[in-house]
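S.K.: My structure is below; once you've seen it, I'll send some questions.
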Amino acid sequence: MGLTHALRRRYPGVRAFIPSRLRVPAEPVVSPEADALRASVMGAFTREQPGGMSFASVLPQAEHAPGSQIITAKLTGATSAGPARPLVEYDLGTTS
């Protein structure tokens, strides 16, 4: 971003840039709001027992599921839990 900003300032006549590469990073965080959302979802598995049915056999999969999905939650007060890492990288026009 810094490079394109500097280039735009240096050449104000340039109206648009076409990137050749795209990198999408993610940084792990610890968030009280996200923890509360996770606890609420997991609580549903332990509280809900329609017709006396138990969800105990799926708890390990349910524990893993929130970490394998992108879940939208407020991250107010979140703290970093490690360095940012690339989720995906594309060479535009080359990467399928």
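Ordered as shown in the structure tokens, chains take letters A, B, and onward, while each chain numbers its residues from 1 and ligands are numbered from 1 in the order shown.
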For segment 15-28 of chain A, list every protein, DNA or RNA residue within 9 Å, evaluated using only C-alpha atoms, and leave out those in the same chain fewer than 5 positions away; present the list as an NGL selection string.

M.R.: :A and (4 or 8 or 79-93)

S.K.: Do you know which residues are at most 9 Å from Ala62 of chain A counting only C-alpha atoms, after dropping those on the same chain fewer than 5 positions away, and could you put them as a list of chain:residue names?

M.R.: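 In the requested form, the answer reads A:Val41, A:Met42, A:Phe45.
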
S.K.: Go ahead and save the picked residues with N, CA and C atoms, as a PDB file, in the first residue's frame.

M.R.:
ATOM      1  N   VAL A  41     -22.188 -20.783  21.317  1.00  0.00           N
ATOM      2  CA  VAL A  41     -22.432 -21.845  20.333  1.00  0.00           C
ATOM      3  C   VAL A  41     -22.214 -23.212  20.973  1.00  0.00           C
ATOM      4  N   MET A  42     -21.113 -23.369  21.702  1.00  0.00           N
ATOM      5  CA  MET A  42     -20.827 -24.655  22.339  1.00  0.00           C
ATOM      6  C   MET A  42     -21.854 -24.973  23.416  1.00  0.00           C
ATOM      7  N   PHE A  45     -24.822 -26.866  22.192  1.00  0.00           N
ATOM      8  CA  PHE A  45     -24.617 -28.311  22.014  1.00  0.00           C
ATOM      9  C   PHE A  45     -24.771 -29.067  23.335  1.00  0.00           C
TER      10      PHE A  45
END

S.K.: Out of A:Thr76, A:Ala56, A:Leu3, A:Val29, which residue has the shortest atom-to-atom distance to Ala44 of chain A when counting only C-alpha atoms?

M.R.: A:Ala56

S.K.: Going by DSSP on the backbone, which residues of chain A come out as alpha helix (DSSP H)? List them as a ChimeraX atom specification.

M.R.: /A:2-10,32-47,59-64
